[in-house]
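Here is the file upload.cif (mmCIF, C-alpha atoms).
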data_work
#
loop_
_atom_site.label_atom_id
_atom_site.label_comp_id
_atom_site.auth_asym_id
_atom_site.auth_seq_id
_atom_site.Cartn_x
_atom_site.Cartn_y
_atom_site.Cartn_z
CA MET A 190 0.00 0.00 0.00
CA GLN A 191 1.54 3.30 -1.12
CA PHE A 192 0.83 6.71 0.43
CA GLU A 193 1.44 10.01 -1.30
CA THR A 194 2.74 11.56 1.92
CA LYS A 195 4.61 10.02 4.81
CA ILE A 196 2.62 8.54 7.66
CA ASN A 197 4.25 6.99 10.68
CA LEU A 198 4.43 3.27 9.84
CA ALA A 199 3.24 2.36 13.31
CA GLU A 200 0.05 4.32 12.67
CA ILE A 201 -0.84 3.00 9.22
CA ASP A 202 -2.60 -0.20 10.32
CA SER A 203 -4.40 1.66 13.08
CA VAL A 204 -5.61 4.39 10.70
CA LEU A 205 -6.83 1.85 8.14
CA GLU A 206 -8.56 -0.25 10.78
CA LEU A 207 -10.34 2.78 12.21
CA ALA A 208 -11.47 3.96 8.76
CA LEU A 209 -12.99 0.56 7.99
CA ASP A 210 -14.58 0.34 11.44
CA ILE A 211 -16.17 3.78 11.07
CA VAL A 212 -17.73 2.88 7.73
CA ALA A 213 -18.84 -0.61 8.81
CA ASN A 214 -20.40 0.40 12.12
CA SER A 215 -21.86 3.82 11.43
CA ALA A 216 -25.55 4.24 12.21
CA ALA A 217 -25.87 6.36 9.06
CA LYS A 218 -24.23 6.42 5.65
CA ILE A 219 -20.72 7.91 5.73
CA SER A 220 -19.60 10.44 3.13
CA PRO A 221 -15.90 10.91 2.27
CA VAL A 222 -15.99 14.27 4.09
CA ASP A 223 -17.51 12.62 7.19
CA LEU A 224 -14.75 10.01 7.22
CA GLU A 225 -12.04 12.62 6.72
CA LYS A 226 -13.31 14.58 9.73
CA ARG A 227 -13.42 11.48 11.94
CA LEU A 228 -9.89 10.43 11.00
CA PHE A 229 -8.58 13.96 11.48
CA ALA A 230 -10.12 14.15 14.96
CA GLU A 231 -8.45 10.88 15.97
CA TYR A 232 -5.02 11.14 14.35
CA LYS A 233 -4.52 14.80 13.43
CA LEU A 234 -3.35 13.84 9.96
CA ASN A 235 -3.27 16.54 7.33
CA LYS A 236 -5.90 16.65 4.59
CA ARG A 237 -3.63 15.14 1.97
CA GLN A 238 -2.70 12.19 4.18
CA ILE A 239 -6.32 11.46 5.03
CA LYS A 240 -7.38 11.55 1.38
CA SER A 241 -4.49 9.19 0.62
CA VAL A 242 -5.74 6.71 3.25
CA ILE A 243 -9.23 6.70 1.73
CA ARG A 244 -7.95 6.37 -1.86
CA ASN A 245 -5.82 3.38 -0.87
CA LEU A 246 -8.74 1.64 0.82
CA VAL A 247 -10.82 2.11 -2.34
CA ALA A 248 -7.96 1.01 -4.62
CA ASP A 249 -7.40 -2.12 -2.50
CA GLY A 250 -11.08 -3.05 -2.72
CA LYS A 251 -11.76 -2.52 0.98
CA LEU A 252 -14.13 0.42 0.46
CA ALA A 253 -16.31 1.45 -2.48
CA TYR A 254 -17.98 4.70 -3.52
CA THR A 255 -21.76 4.65 -3.81
CA TYR A 256 -24.13 7.36 -5.00
CA GLU A 257 -27.56 8.14 -3.61
CA PHE A 258 -29.75 11.21 -4.12
CA GLY A 259 -26.88 13.11 -5.72
CA ARG A 260 -24.47 12.47 -2.83
CA THR A 261 -21.37 10.30 -2.62
CA PHE A 262 -20.92 7.82 0.22
CA LEU A 263 -18.37 5.23 1.25
CA GLU A 264 -19.38 1.63 1.98
CA ARG A 265 -17.55 -1.61 2.49
CA SER A 266 -16.66 -3.20 -0.82
CA PHE A 267 -17.71 -6.78 -1.48
CA ALA A 268 -15.33 -7.17 -4.41
CA GLY A 269 -13.16 -9.35 -2.17
CA PRO A 270 -13.47 -11.33 1.08
CA VAL A 271 -15.43 -9.43 3.76
CA ARG A 272 -16.12 -10.52 7.33
CA VAL A 273 -19.81 -9.89 8.05
CA SER A 274 -20.11 -11.58 11.45
CA LYS A 275 -17.87 -13.08 14.11
CA HIS A 276 -17.30 -16.27 12.11
CA VAL A 277 -18.68 -15.70 8.58
CA VAL A 278 -16.71 -14.30 5.64
CA LEU A 279 -18.36 -13.59 2.27
CA LEU A 280 -16.34 -13.65 -0.93
CA PRO A 281 -16.93 -13.64 -4.70
CA PRO A 282 -16.05 -16.73 -6.77
CA ASP A 283 -12.91 -15.21 -8.31
CA HIS A 284 -11.21 -14.81 -4.92
CA SER A 285 -9.54 -17.45 -2.82
CA TYR A 286 -9.62 -17.35 0.94
CA SER A 287 -7.91 -19.54 3.52
CA ALA A 288 -10.49 -19.82 6.26
CA LYS A 289 -9.28 -20.24 9.81
CA PRO A 290 -10.58 -23.21 11.82
CA ASP A 291 -13.32 -21.10 13.44
CA GLU A 292 -14.37 -19.34 10.21
CA VAL A 293 -17.02 -20.12 7.61
CA ALA A 294 -16.29 -18.89 4.07
CA VAL A 295 -19.38 -18.41 1.88
CA THR A 296 -18.92 -17.82 -1.84
CA ILE A 297 -21.60 -15.72 -3.52
CA LYS A 298 -21.59 -14.76 -7.20
CA PRO A 299 -22.91 -11.21 -7.71
CA GLY A 300 -26.10 -11.16 -9.76
CA ALA A 301 -29.50 -9.56 -10.12
CA SER A 302 -30.93 -11.22 -6.99
CA PHE A 303 -30.89 -9.66 -3.55
CA GLY A 304 -28.29 -10.92 -1.11
CA ALA A 305 -24.69 -10.16 -2.06
CA GLY A 306 -23.95 -8.93 1.46
CA ASN A 307 -23.85 -5.22 0.70
CA HIS A 308 -27.22 -4.51 2.36
CA PRO A 309 -27.54 -4.28 6.16
CA THR A 310 -30.49 -6.69 6.28
CA THR A 311 -28.39 -9.49 4.76
CA ARG A 312 -25.56 -8.87 7.19
CA LEU A 313 -27.94 -8.77 10.17
CA ALA A 314 -29.49 -12.09 9.16
CA ILE A 315 -26.02 -13.65 8.85
CA LYS A 316 -25.13 -12.35 12.31
CA GLY A 317 -28.31 -14.01 13.58
CA ILE A 318 -27.32 -17.30 11.93
CA ASP A 319 -23.86 -17.02 13.48
CA PHE A 320 -25.42 -16.41 16.90
CA VAL A 321 -27.70 -19.46 16.65
CA MET A 322 -25.42 -21.94 14.93
CA LEU A 323 -21.96 -21.02 16.20
CA GLY A 324 -22.78 -19.38 19.52
CA ASN A 325 -24.06 -21.12 22.62
CA GLN A 326 -27.69 -21.33 21.58
CA SER A 327 -28.09 -24.29 19.28
CA ALA A 328 -26.91 -27.69 20.53
CA PRO A 329 -29.50 -28.51 23.22
CA GLN A 330 -32.35 -26.85 21.32
CA ILE A 331 -32.25 -28.05 17.72
CA SER A 332 -33.77 -31.50 17.24
CA ASP A 333 -33.75 -31.73 13.44
CA PHE A 334 -31.08 -29.82 11.56
CA ARG A 335 -33.23 -28.59 8.66
CA VAL A 336 -33.50 -24.95 7.64
CA LEU A 337 -36.09 -23.11 5.55
CA ASP A 338 -35.23 -19.83 3.82
CA ILE A 339 -38.25 -17.81 2.65
CA GLY A 340 -37.53 -15.46 -0.26
CA THR A 341 -34.08 -16.92 -0.68
CA GLY A 342 -32.82 -14.45 -3.30
CA SER A 343 -29.16 -15.24 -3.99
CA GLY A 344 -29.33 -18.10 -1.46
CA VAL A 345 -26.72 -16.48 0.75
CA LEU A 346 -28.57 -17.00 4.05
CA LEU A 347 -29.52 -20.59 3.29
CA ILE A 348 -25.98 -21.45 2.20
CA THR A 349 -24.53 -19.77 5.28
CA ALA A 350 -26.84 -21.71 7.59
CA VAL A 351 -25.91 -25.06 6.04
CA LEU A 352 -22.19 -24.28 6.05
CA CYS A 353 -22.57 -23.27 9.72
CA GLY A 354 -23.96 -26.68 10.64
CA MET A 355 -27.47 -27.33 9.34
CA GLN A 356 -27.68 -30.75 7.68
CA ASN A 357 -29.88 -29.65 4.78
CA GLY A 358 -32.03 -26.77 3.68
CA LEU A 359 -34.85 -25.60 1.45
CA GLY A 360 -34.93 -22.16 -0.15
CA ILE A 361 -38.11 -20.87 -1.75
CA ASP A 362 -38.59 -17.85 -3.99
CA ILE A 363 -41.31 -16.82 -6.44
CA ASP A 364 -38.75 -15.12 -8.71
CA ALA A 365 -37.33 -17.43 -11.40
CA CYS A 366 -34.14 -15.38 -11.77
CA ALA A 367 -33.48 -15.67 -8.04
CA ARG A 368 -33.96 -19.43 -8.15
CA VAL A 369 -31.45 -19.80 -11.00
CA GLU A 370 -28.87 -17.63 -9.24
CA ALA A 371 -29.43 -19.29 -5.86
CA ALA A 372 -29.01 -22.76 -7.40
CA ALA A 373 -25.74 -21.62 -9.01
CA ASN A 374 -24.46 -20.35 -5.65
CA VAL A 375 -25.46 -23.63 -4.02
CA ARG A 376 -23.33 -25.50 -6.57
CA ILE A 377 -20.40 -23.09 -6.14
CA ASN A 378 -20.38 -23.88 -2.42
CA GLY A 379 -20.57 -27.65 -3.04
CA LEU A 380 -23.99 -28.07 -1.42
CA ALA A 381 -26.08 -29.44 -4.29
CA ASP A 382 -26.76 -32.66 -2.36
CA ARG A 383 -27.89 -30.83 0.78
CA VAL A 384 -29.79 -27.77 -0.45
CA THR A 385 -32.92 -27.52 -2.57
CA ILE A 386 -34.13 -24.35 -4.31
CA SER A 387 -37.82 -24.31 -5.16
CA GLY A 388 -40.61 -22.08 -6.42
CA GLN A 389 -43.25 -23.74 -4.25
CA SER A 390 -45.37 -21.61 -1.96
CA LEU A 391 -45.05 -21.66 1.82
CA GLU A 392 -48.58 -23.07 2.07
CA ARG A 393 -47.61 -26.21 0.13
CA ILE A 394 -44.61 -27.10 2.29
CA ARG A 395 -45.45 -30.02 4.58
CA GLN A 396 -42.11 -30.30 6.36
CA ARG A 397 -41.30 -28.65 9.65
CA PHE A 398 -37.94 -27.06 10.39
CA SER A 399 -35.69 -26.26 13.31
CA VAL A 400 -34.58 -22.93 11.81
CA ILE A 401 -36.53 -20.55 9.59
CA LEU A 402 -34.85 -17.62 7.85
CA ALA A 403 -36.94 -14.68 6.63
CA ASN A 404 -35.34 -11.46 5.38
CA LEU A 405 -38.64 -9.80 4.50
CA ARG A 406 -40.37 -6.52 5.20
CA PHE A 407 -42.38 -5.92 8.37
CA PRO A 408 -45.88 -6.34 6.83
CA SER A 409 -44.95 -9.73 5.38
CA LEU A 410 -43.33 -10.95 8.60
CA LYS A 411 -46.41 -9.97 10.57
CA LYS A 412 -48.89 -11.40 8.06
CA MET A 413 -47.04 -14.74 7.91
CA MET A 414 -46.75 -15.28 11.69
CA ALA A 415 -49.22 -18.15 11.91
CA GLN A 416 -47.72 -19.96 8.91
CA LEU A 417 -44.17 -19.55 10.19
CA ASN A 418 -45.21 -20.82 13.59
CA GLU A 419 -46.80 -23.85 11.97
CA LYS A 420 -43.63 -24.69 10.01
CA LEU A 421 -41.27 -24.35 12.98
CA LEU A 422 -40.55 -27.20 15.37
CA ALA A 423 -40.78 -26.71 19.14
CA ASN A 424 -37.67 -24.97 20.50
CA GLY A 425 -36.82 -23.92 16.95
CA PHE A 426 -35.36 -20.59 15.94
CA MET A 427 -36.75 -17.84 13.75
CA ILE A 428 -34.09 -15.56 12.27
CA LEU A 429 -35.76 -12.38 10.99
CA SER A 430 -34.43 -9.35 9.16
CA GLY A 431 -35.72 -6.65 6.82
CA ILE A 432 -37.21 -4.72 9.74
CA ARG A 433 -36.84 -0.98 10.20
CA ASP A 434 -35.69 0.11 13.67
CA SER A 435 -39.04 1.84 14.17
CA GLU A 436 -40.90 -1.42 13.46
CA VAL A 437 -38.98 -3.95 15.52
CA GLU A 438 -40.76 -3.35 18.84
CA ASP A 439 -44.19 -3.89 17.28
CA LEU A 440 -43.04 -7.03 15.49
CA LEU A 441 -41.50 -8.54 18.62
CA LYS A 442 -44.66 -7.87 20.61
CA ALA A 443 -46.74 -9.61 17.94
CA TYR A 444 -44.54 -12.73 18.00
CA GLN A 445 -44.46 -12.78 21.79
CA GLN A 446 -48.23 -13.16 21.73
CA ILE A 447 -47.81 -16.53 20.01
CA ARG A 448 -45.15 -17.67 22.52
CA PHE A 449 -41.92 -16.62 20.80
CA GLU A 450 -39.06 -15.46 23.00
CA GLU A 451 -36.65 -12.77 21.80
CA ILE A 452 -33.07 -13.95 22.41
CA TRP A 453 -31.03 -11.63 20.16
CA THR A 454 -31.40 -8.35 18.30
CA ASP A 455 -29.00 -6.07 16.46
CA THR A 456 -29.23 -2.95 14.32
CA GLU A 457 -27.33 -1.43 11.41
CA LEU A 458 -28.01 1.70 9.38
CA GLY A 459 -31.63 1.98 10.48
CA TRP A 460 -32.41 -1.73 10.03
CA SER A 461 -32.92 -4.42 12.68
CA GLY A 462 -32.53 -8.17 12.86
CA ALA A 463 -33.85 -10.53 15.50
CA VAL A 464 -33.60 -14.14 16.63
CA LEU A 465 -36.71 -15.61 18.27
CA ARG A 466 -37.06 -19.00 19.93
CA LYS A 467 -40.31 -20.90 19.85
CA GLY A 468 -41.66 -21.85 23.25
#
The structure in this file should be written as structure tokens.
Amino acid sequence: MQFETKINLAEIDSVLELALDIVANSAAKISPVDLEKRLFAEYKLNKRQIKSVIRNLVADGKLAYTYEFGRTFLERSFAGPVRVSKHVVLLPPDHSYSAKPDEVAVTIKPGASFGAGNHPTTRLAIKGIDFVMLGNQSAPQISDFRVLDIGTGSGVLLITAVLCGMQNGLGIDIDACARVEAAANVRINGLADRVTISGQSLERIRQRFSVILANLRFPSLKKMMAQLNEKLLANGFMILSGIRDSEVEDLLKAYQQIRFEEIWTDTELGWSGAVLRKG
């Protein structure tokens, strides 16, 4: 990594780490000017040095420029391997990654379907999967290691759940393009014998599952409560995302009325994710 002006070598890693942390964990979108101000306040670098740090992070594929409503923002780039939870790393097919013993590497080919990892709701759902499957929640609770992913999109959540320990999974989506792309990602991750992608409706599924994944909007999650409850085994886990921060309290109250216990929540950029356990 080359810098246009000299920065104390001992500070370089710290500056880069802070820049990435600011962008990844901000409650709102970060503009280049916002990031420059934060770095200046912490390290007292001059303007040229700070701009050099940001340019290098973009050039190295760690950050990417995005444009929204005529403004420029910085976001984490998913052009290479990116850690999205304590144990899960997402990467595109053209990158290799040597996963550590406690890591799960999930390969996702970018496409038209939702779920490449660059949206907070995807990352929140993956964090929920990590919490259930690789935390201290799962072993005594899960009786049948089958997972259902509703609105599977790219298949990223379903694939992550199976790679994290579920024996097999079913992903459903009404969009034909999503099903094609999800099936391709299933094959890329070597899970064709353990994961099924289908266009069948939730009503026609007769199986019951220990884990249900649903990255859907609040009205859908509320409308489908009875069906989701029916498809989930006792002591099973519901991993929900796609919920605005302002909606999560109402949704949790609704699920509590049908005997679901909230055991985990997290937020990112105005979105919330939750893990519920069926009583």
What are the nearest atom pairs, with distances in Å to one decimal, for all residues of segment 245-351 of chain A that come at most 9 Å from segment 403-408 of chain A, using all atoms listed in the file, set out by chain and rising residue number as a tab-separated table?
residue	atom	partner	partner_atom	distance
A:Thr310	CA	A:Asn404	CA	6.9
A:Thr311	CA	A:Asn404	CA	7.3
A:Ala314	CA	A:Asn404	CA	7.0
A:Leu337	CA	A:Ala403	CA	8.5
A:Asp338	CA	A:Ala403	CA	6.1
A:Ile339	CA	A:Ala403	CA	5.2
A:Gly340	CA	A:Ala403	CA	7.0
A:Thr341	CA	A:Ala403	CA	8.2
A:Leu346	CA	A:Asn404	CA	8.8
Practice task
Up to 9 Å from (-28.7, -13.9, -10.9) in the file's coordinates: name the residues, counting all atoms listed in the file, as a PyMOL selection string.
Solution key: chain A and resi 298-303+342-343+366-371+373
Practice task
Name the residues captured by the PyMOL selection byres ((chain A and resi 267) around 12) when it is applied to the shown file; answer as a ChimeraX atom specification.
Solution key: /A:247,249-254,264-266,268-273,278-284,296-299,304-308,312
Taking all listed atoms of segment 284-295 of chain A, build the axis-aligned box, pad each of the six sides by 5 Å, then write its centre and edge lengths in Å to one decimal as lines of an AutoDock Vina configuration file.
center_x = -13.6
center_y = -19.0
center_z = 4.3
size_x = 21.5
size_y = 18.4
size_z = 28.4
Exercise for the section: Kindly indicate which residue among A:Pro309, A:Thr255, A:Leu402, A:His276 lies nearest to Ser215 of chain A, using only C-alpha atoms for the distances. Expected result: A:Pro309
Fill in the blank from the handout: Between atom CA of Phe320 of chain A and atom CA of Val204 of chain A lies a distance of 29.4 Å
Problem - Top pick for closest residue to Ser203 of chain A, considering A:Val345, A:Leu228, A:Ile219, A:Leu458 and counting only C-alpha atoms - result: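 Closest candidate: A:Leu228.
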Exercise for the section: Any chance you could resolve the PyMOL selection byres ((chain A and resi 293) around 8) against this file and give the residues as a list in words? Expected result: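 Those residues are His276, Val277, Val278, Ala288, Asp291, Glu292, Ala294, Val295, Thr349, Leu352 and Cys353 of chain A.
Counting all atoms listed in the file, the residue from A:Asp364, A:Val351, A:Val242, A:Arg466 that sits nearest to Ala381 of chain A is A:Val351.
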